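Here's the structure we're looking at; comments come further down.
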Amino acid sequence: MSLDAGIRDRILRGQPPDEAGLGELVEGEAARLGRAGVDQVRSELAADLLGAGPLEPFLADSEVTDILVNGDGSVWIDRGQGLEQVAVPGLGPESTRRLAVRLAGQAGRRLDESQPWVDGLLPGGVRLHAVLPPLVDLGAHLSLRVPRQAGSRLTALQATGMFSADTGLVLRRLVERRVSLVVTGGTGTGKTTLLGGLLAEVPAHERVVLVEDVRELAVDHPHVVRLQGRAANVEGRGEVTLVDLVRQALRMRPDRLVVGEVRGAEVRELLAALNTGHEGGCGTVHANSPEDVVARFEALGALAGLSRAAVHAQLASAVQAVAHVRRTPLGRTVESVSVLDRPGGVLSVVPALRCATGEHGPGWPQLATLLGEEP
């Protein structure tokens with residue numbers, strides 16, 4: 001079925017069609033297609049022109065968290081057990097580029113030779129990243145991060161095997177006791193998922209102010225205020241950074257200040273906030289092991305002009321606990337809960353609980369104190 005001239009003209013001008021326009025187009029063919037045919041064609045056109053085209057079935061799969069398209073047209077998805085390749089007939093370099101450009105338009109961003117990459121949010125909450133040649137080989141590369149439609153509580157995450165009942169009690173107690181913590185782990189290990197589960201345990205009367213570069217966190221809580229960064233426009237103006245947003249968040253009377261992912265100079269404002277009475281704050285940090293956390297904060301602090309000594313001084317009093325997550329062949333799991341301490345005068349992350357075995361580490365007495373228990 002061909003598009004009418006009006007819809008085709010809007011697409012060529014970079015303006016995506018809308019549902020009403022597609023509905024009018026398809027209804028005009030009702031006599032030829034019949035009612036069942038109209039419904040089928042409307043669905044196909046909506047996927048091809050308003051949705052993700054041939055990737056739409058994967059977006060509809062509740063288990064899919066990531067969809068990756070390479071320049072050769074190969075497609076990989078993640079259902080929580082690691083990447084697996086799937087067959088998507090007809091998706092080649094040219095069609096992938098068209099899809100990337102159209103999705104960028106839906107995210108309100110521009111993608112072309114003068115702006116060959118884009119990072120944005122699609123209307124349904126899916127995070128989009130796309131890169132065009134010659135920055136990448138063969139054809140456009142697409143990455144789609146699919147958010148959970150509703151935030152999972154710790155009970156639901158425990159049921160998936162992410163952690164044991166005993167670890168669940170520790171995590172809930174950390175939230176209840178307003179312990180400032182960071183969730184750490186590598187890419188795709190479930191940091192954001194666990195953070196959302198922790199925030200769902202925050203008492204309903206508390207105000208959670210959440211700062212993110214691109215919206216990813218799903219939180220089941222009645223009082224969440226969201227601040228989201230903004231990229232510069234094509235003239236290089238209008239950028240809103242996480243540094244800006246953390247400063248604004250501090251003026252919004254947060255009971256809990258949350259930075260979805262600490263990865264830049266905003267670490268300075270976050271550490272300062274957690275050192276000035278904002279208890280119970282939290283966020284995620286990319287680190288491959290708990291032992292890497294201090295070095296990671298040192299690197300981030302350097303971006304904000306903080307010396308190593310200044311980072312250690314602020315971090316020691318700002319962050320009290322570290323929950324580390326890891327991806328295993330059985331799925332994502334909480335590997336350990338640690339504390340920050342200065343054994344021998346050097347700030348480090350000290351293991352307190354090895355979650356798989358329930359074994360207590362040298363940091364357990366300090367963690368027990370934070371939990372309000374006898375060491």
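Residue numbering restarts at 1 for every chain of the structure tokens, chains are lettered A, B, ... in their displayed order, and ligands are numbered from 1 as they appear.
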
Original post:
Using the chain letters and numbers from this document, which residues of stretch 44-100 of chain A does DSSP assign to strand (DSSP E), as number ranges by chain?
Top reply: A: 66-69, 75-78, 83-86

**OP:** Name the residues in contact with A:Leu227 at a cut-off of 7 Å, using only C-alpha atoms, excluding same-chain residues fewer than 5 positions from it; report them as a VMD selection string.
**Re:** chain A and resid 210 to 212 245

Requested write-out: N, CA and C atoms of the selected residues, as a JSON list (two decimals), in the first residue's frame:
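So selection-v6.json came out as:
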```
[["chain", "number", "residue", "atom", "x", "y", "z"],
["A", 210, "LEU", "N", 14.82, 13.03, 41.71],
["A", 210, "LEU", "CA", 15.62, 12.14, 40.89],
["A", 210, "LEU", "C", 16.22, 12.90, 39.70],
["A", 211, "VAL", "N", 17.53, 12.82, 39.58],
["A", 211, "VAL", "CA", 18.25, 13.51, 38.51],
["A", 211, "VAL", "C", 18.83, 12.46, 37.56],
["A", 212, "GLU", "N", 18.54, 12.61, 36.26],
["A", 212, "GLU", "CA", 19.06, 11.67, 35.26],
["A", 212, "GLU", "C", 19.47, 12.42, 34.01],
["A", 245, "LEU", "N", 21.44, 20.23, 37.04],
["A", 245, "LEU", "CA", 20.24, 19.62, 37.61],
["A", 245, "LEU", "C", 20.42, 19.29, 39.09]]
```

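One distance worth recording is that between atom CA of A:Pro54 and atom CA of A:Asp137, which is 21.6 Å.
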
Subject >> For A:Glu291: contacts at 10 Å, only C-alpha atoms, fewer than 4 positions along chain excluded, given as a ChimeraX atom specification >> reply: /A:287,295-296,338,348-351

Original post:
Which of these residues is nearest to A:Ser180, using only C-alpha atoms: A:Gly260, A:Gly53, A:Pro329, A:Gly283?
Top reply: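 Among A:Gly260, A:Gly53, A:Pro329, A:Gly283, it is A:Gly283 that comes nearest to A:Ser180.
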
Subject >> Residue list (alpha helix (DSSP H), DSSP) for stretch 87-177 of chain A, as an NGL selection string >> reply: :A and (93-106 or 154-159 or 165-176)

Pull the closest atom pair for each residue of stretch 155-213 of chain A that gets at most 8 Å from stretch 263-281 of chain A, along with the distance in Å to one decimal, counting only C-alpha atoms, ordering rows by chain and then ascending residue number, as a tab-separated table.
```
residue	atom	partner	partner_atom	distance
A:Val175	CA	A:Gly280	CA	6.9
A:Arg177	CA	A:Gly280	CA	7.8
A:Arg178	CA	A:Gly280	CA	4.0
A:Val179	CA	A:Gly280	CA	4.9
A:Ser180	CA	A:Gly280	CA	4.4
A:Leu181	CA	A:Gly281	CA	6.7
```

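The residue that comes closest to A:Leu144, out of A:Met162, A:Val182, A:Leu132, A:Val118 and on the basis of only C-alpha atoms, is A:Val118.
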
Original post:
Distance atom CA of A:Val337-atom CA of A:Asp213, one decimal place?
Top reply: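 That distance, rounded to one decimal, is 26.2 Å.
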
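The space between atom CA of A:Val183 and atom CA of A:Gln81 spans 20.2 Å.
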
Subject >> Residue contacts of A:Ser336 (6 Å, only C-alpha atoms) excluding same-chain residues fewer than 5 positions away, as a list in words >> reply: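 After dropping sequence-adjacent residues, the list is Ala323, His324, Leu353, Arg354 and Cys355 of chain A.
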
Please save N, CA and C atoms of the selected residues as a compact mmCIF listing (two decimals), in the first residue's frame.
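Output file result-v4.txt follows:
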```
# COMPACT_ATOMS: atom_id res chain seq x y z
N ALA A 323 26.40 -1.38 47.31
CA ALA A 323 25.78 -2.64 46.89
C ALA A 323 26.26 -2.93 45.48
N HIS A 324 26.93 -4.06 45.30
CA HIS A 324 27.52 -4.38 44.00
C HIS A 324 26.71 -5.47 43.31
N LEU A 353 29.22 -8.13 53.52
CA LEU A 353 28.32 -9.27 53.33
C LEU A 353 28.49 -9.83 51.94
N ARG A 354 28.86 -11.11 51.86
CA ARG A 354 28.90 -11.81 50.57
C ARG A 354 27.55 -12.49 50.40
N CYS A 355 26.76 -11.94 49.50
CA CYS A 355 25.33 -12.27 49.47
C CYS A 355 25.05 -13.72 49.09
```

Subject >> Residue neighbourhood A:Pro89, 12 Å, only C-alpha atoms, exclusion window fewer than 5 positions, as a PyMOL selection string >> reply: chain A and resi 53-55+73-75+95-96

Restricting it to C-alpha atoms, dump the selection as a short mmCIF file (atom, residue, chain, number, x, y, z; two decimals), in the first residue's frame.
```cif
data_model
loop_
_atom_site.label_atom_id
_atom_site.label_comp_id
_atom_site.auth_asym_id
_atom_site.auth_seq_id
_atom_site.Cartn_x
_atom_site.Cartn_y
_atom_site.Cartn_z
CA GLY A 53 9.44 -0.95 12.34
CA PRO A 54 10.78 -4.52 12.29
CA LEU A 55 12.13 -4.06 15.83
CA GLY A 73 21.93 -5.28 9.74
CA SER A 74 22.53 -7.96 12.38
CA VAL A 75 20.30 -7.62 15.43
CA SER A 95 16.80 0.54 5.99
CA THR A 96 18.65 0.75 9.32
#
```

Subject >> Neighbour list for A:Ile67 as a PyMOL selection string, cut-off 12 Å, only C-alpha atoms, skip fewer than 5 positions in-chain >> reply: chain A and resi 52+54-61+74-80+82-86+88+126-130+141-147

Deliver the residues from the most recent selection as a file, using N, CA and C atoms, as a compact mmCIF listing (two decimals), in the first residue's frame.
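Okay, selection22.txt is ready:
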```txt
# COMPACT_ATOMS: atom_id res chain seq x y z
N ALA A 52 9.02 1.28 15.86
CA ALA A 52 10.39 0.87 15.55
C ALA A 52 10.45 -0.09 14.38
N PRO A 54 10.59 -3.09 12.05
CA PRO A 54 10.78 -4.52 12.29
C PRO A 54 11.28 -4.85 13.70
N LEU A 55 11.69 -3.83 14.45
CA LEU A 55 12.13 -4.06 15.83
C LEU A 55 10.97 -3.99 16.82
N GLU A 56 9.81 -3.61 16.34
CA GLU A 56 8.66 -3.41 17.23
C GLU A 56 8.30 -4.66 18.06
N PRO A 57 8.34 -5.87 17.48
CA PRO A 57 8.01 -7.05 18.30
C PRO A 57 8.92 -7.22 19.50
N PHE A 58 10.18 -6.82 19.38
CA PHE A 58 11.11 -6.96 20.50
C PHE A 58 10.81 -5.92 21.58
N LEU A 59 10.38 -4.73 21.17
CA LEU A 59 9.99 -3.73 22.15
C LEU A 59 8.77 -4.18 22.93
N ALA A 60 7.92 -4.97 22.28
CA ALA A 60 6.70 -5.45 22.95
C ALA A 60 6.98 -6.64 23.87
N ASP A 61 8.15 -7.23 23.78
CA ASP A 61 8.51 -8.37 24.62
C ASP A 61 8.94 -7.87 25.99
N SER A 74 22.73 -6.93 11.36
CA SER A 74 22.53 -7.96 12.38
C SER A 74 21.92 -7.34 13.63
N VAL A 75 21.05 -8.11 14.27
CA VAL A 75 20.30 -7.62 15.43
C VAL A 75 20.56 -8.53 16.62
N TRP A 76 20.84 -7.91 17.76
CA TRP A 76 21.09 -8.64 18.99
C TRP A 76 20.17 -8.09 20.07
N ILE A 77 19.64 -8.99 20.91
CA ILE A 77 18.77 -8.56 22.00
C ILE A 77 19.26 -9.18 23.31
N ASP A 78 18.84 -8.57 24.40
CA ASP A 78 19.18 -9.07 25.72
C ASP A 78 17.88 -9.29 26.49
N ARG A 79 17.66 -10.53 26.90
CA ARG A 79 16.50 -10.87 27.72
C ARG A 79 16.89 -11.13 29.18
N GLY A 80 18.05 -10.66 29.56
CA GLY A 80 18.52 -10.85 30.92
C GLY A 80 19.56 -11.94 31.08
N GLY A 82 22.16 -12.29 28.76
CA GLY A 82 23.23 -11.95 27.84
C GLY A 82 22.69 -11.76 26.43
N LEU A 83 23.55 -11.30 25.54
CA LEU A 83 23.13 -10.99 24.18
C LEU A 83 22.90 -12.26 23.36
N GLU A 84 21.86 -12.23 22.55
CA GLU A 84 21.57 -13.32 21.62
C GLU A 84 21.17 -12.71 20.29
N GLN A 85 21.65 -13.31 19.21
CA GLN A 85 21.33 -12.78 17.88
C GLN A 85 19.97 -13.29 17.44
N VAL A 86 19.20 -12.40 16.80
CA VAL A 86 17.88 -12.77 16.30
C VAL A 86 17.80 -12.38 14.83
N VAL A 88 16.10 -10.75 11.68
CA VAL A 88 15.15 -9.70 11.29
C VAL A 88 15.28 -9.52 9.78
N VAL A 126 11.69 4.61 25.68
CA VAL A 126 12.86 3.83 25.23
C VAL A 126 14.02 4.79 24.97
N ARG A 127 15.20 4.44 25.50
CA ARG A 127 16.38 5.26 25.28
C ARG A 127 17.02 4.89 23.95
N LEU A 128 17.28 5.91 23.13
CA LEU A 128 17.83 5.73 21.79
C LEU A 128 19.25 6.24 21.72
N HIS A 129 20.13 5.44 21.13
CA HIS A 129 21.46 5.92 20.74
C HIS A 129 21.72 5.42 19.33
N ALA A 130 22.19 6.32 18.48
CA ALA A 130 22.47 5.94 17.09
C ALA A 130 23.72 6.66 16.62
N HIS A 141 24.48 2.28 13.31
CA HIS A 141 24.39 1.41 14.48
C HIS A 141 23.33 1.98 15.42
N LEU A 142 22.44 1.13 15.86
CA LEU A 142 21.34 1.53 16.75
C LEU A 142 21.44 0.79 18.07
N SER A 143 21.18 1.50 19.17
CA SER A 143 21.08 0.86 20.49
C SER A 143 19.81 1.37 21.16
N LEU A 144 18.95 0.45 21.56
CA LEU A 144 17.71 0.80 22.23
C LEU A 144 17.71 0.16 23.61
N ARG A 145 17.56 0.98 24.64
CA ARG A 145 17.45 0.49 26.01
C ARG A 145 15.99 0.59 26.42
N VAL A 146 15.39 -0.55 26.73
CA VAL A 146 13.95 -0.63 26.99
C VAL A 146 13.71 -0.56 28.49
N PRO A 147 12.98 0.43 28.98
CA PRO A 147 12.73 0.53 30.42
C PRO A 147 11.64 -0.43 30.86
```

**OP:** Find the residues near A:Val240: any atom within 7 Å, counting only C-alpha atoms, skip ones fewer than 4 places away on the same chain, and give them as a ChimeraX atom specification.
**Re:** /A:229-231,244

For stretch 235-270 of chain A against stretch 189-204 of chain A, with a cut-off of 10 Å and counting only C-alpha atoms, what is the closest atom pair and its distance in Å to one decimal for every residue that makes the cut, ordered by chain and number, as a tab-separated table?
```
residue	atom	partner	partner_atom	distance
A:Asp255	CA	A:Val202	CA	9.7
A:Arg256	CA	A:Val202	CA	8.6
A:Val258	CA	A:Leu199	CA	9.0
A:Gly260	CA	A:Thr192	CA	7.3
A:Glu261	CA	A:Thr192	CA	8.3
```

Output file for the selection above: N, CA and C atoms, as an mmCIF file, in the first residue's frame:
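Ended up saving to part04.cif:
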```cif
data_model
loop_
_atom_site.group_PDB
_atom_site.id
_atom_site.type_symbol
_atom_site.label_atom_id
_atom_site.label_comp_id
_atom_site.auth_asym_id
_atom_site.auth_seq_id
_atom_site.Cartn_x
_atom_site.Cartn_y
_atom_site.Cartn_z
ATOM 1 N N ASP A 255 13.749 14.956 50.235
ATOM 2 C CA ASP A 255 14.033 14.077 51.369
ATOM 3 C C ASP A 255 15.095 13.055 50.970
ATOM 4 N N ARG A 256 15.078 12.665 49.712
ATOM 5 C CA ARG A 256 16.093 11.772 49.164
ATOM 6 C C ARG A 256 16.550 12.351 47.824
ATOM 7 N N VAL A 258 18.647 11.685 44.507
ATOM 8 C CA VAL A 258 19.091 10.514 43.756
ATOM 9 C C VAL A 258 19.659 10.965 42.418
ATOM 10 N N GLY A 260 20.712 9.245 39.008
ATOM 11 C CA GLY A 260 20.559 7.952 38.352
ATOM 12 C C GLY A 260 21.881 7.291 38.042
ATOM 13 N N GLU A 261 22.829 8.032 37.475
ATOM 14 C CA GLU A 261 24.171 7.510 37.244
ATOM 15 C C GLU A 261 25.169 8.640 37.411
#
```

Original post:
Closest to A:Arg109 among A:Leu367, A:Ala310, A:Leu135, A:Ala232, using only C-alpha atoms?
Top reply: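 Smallest distance to A:Arg109 is found for A:Ala232.
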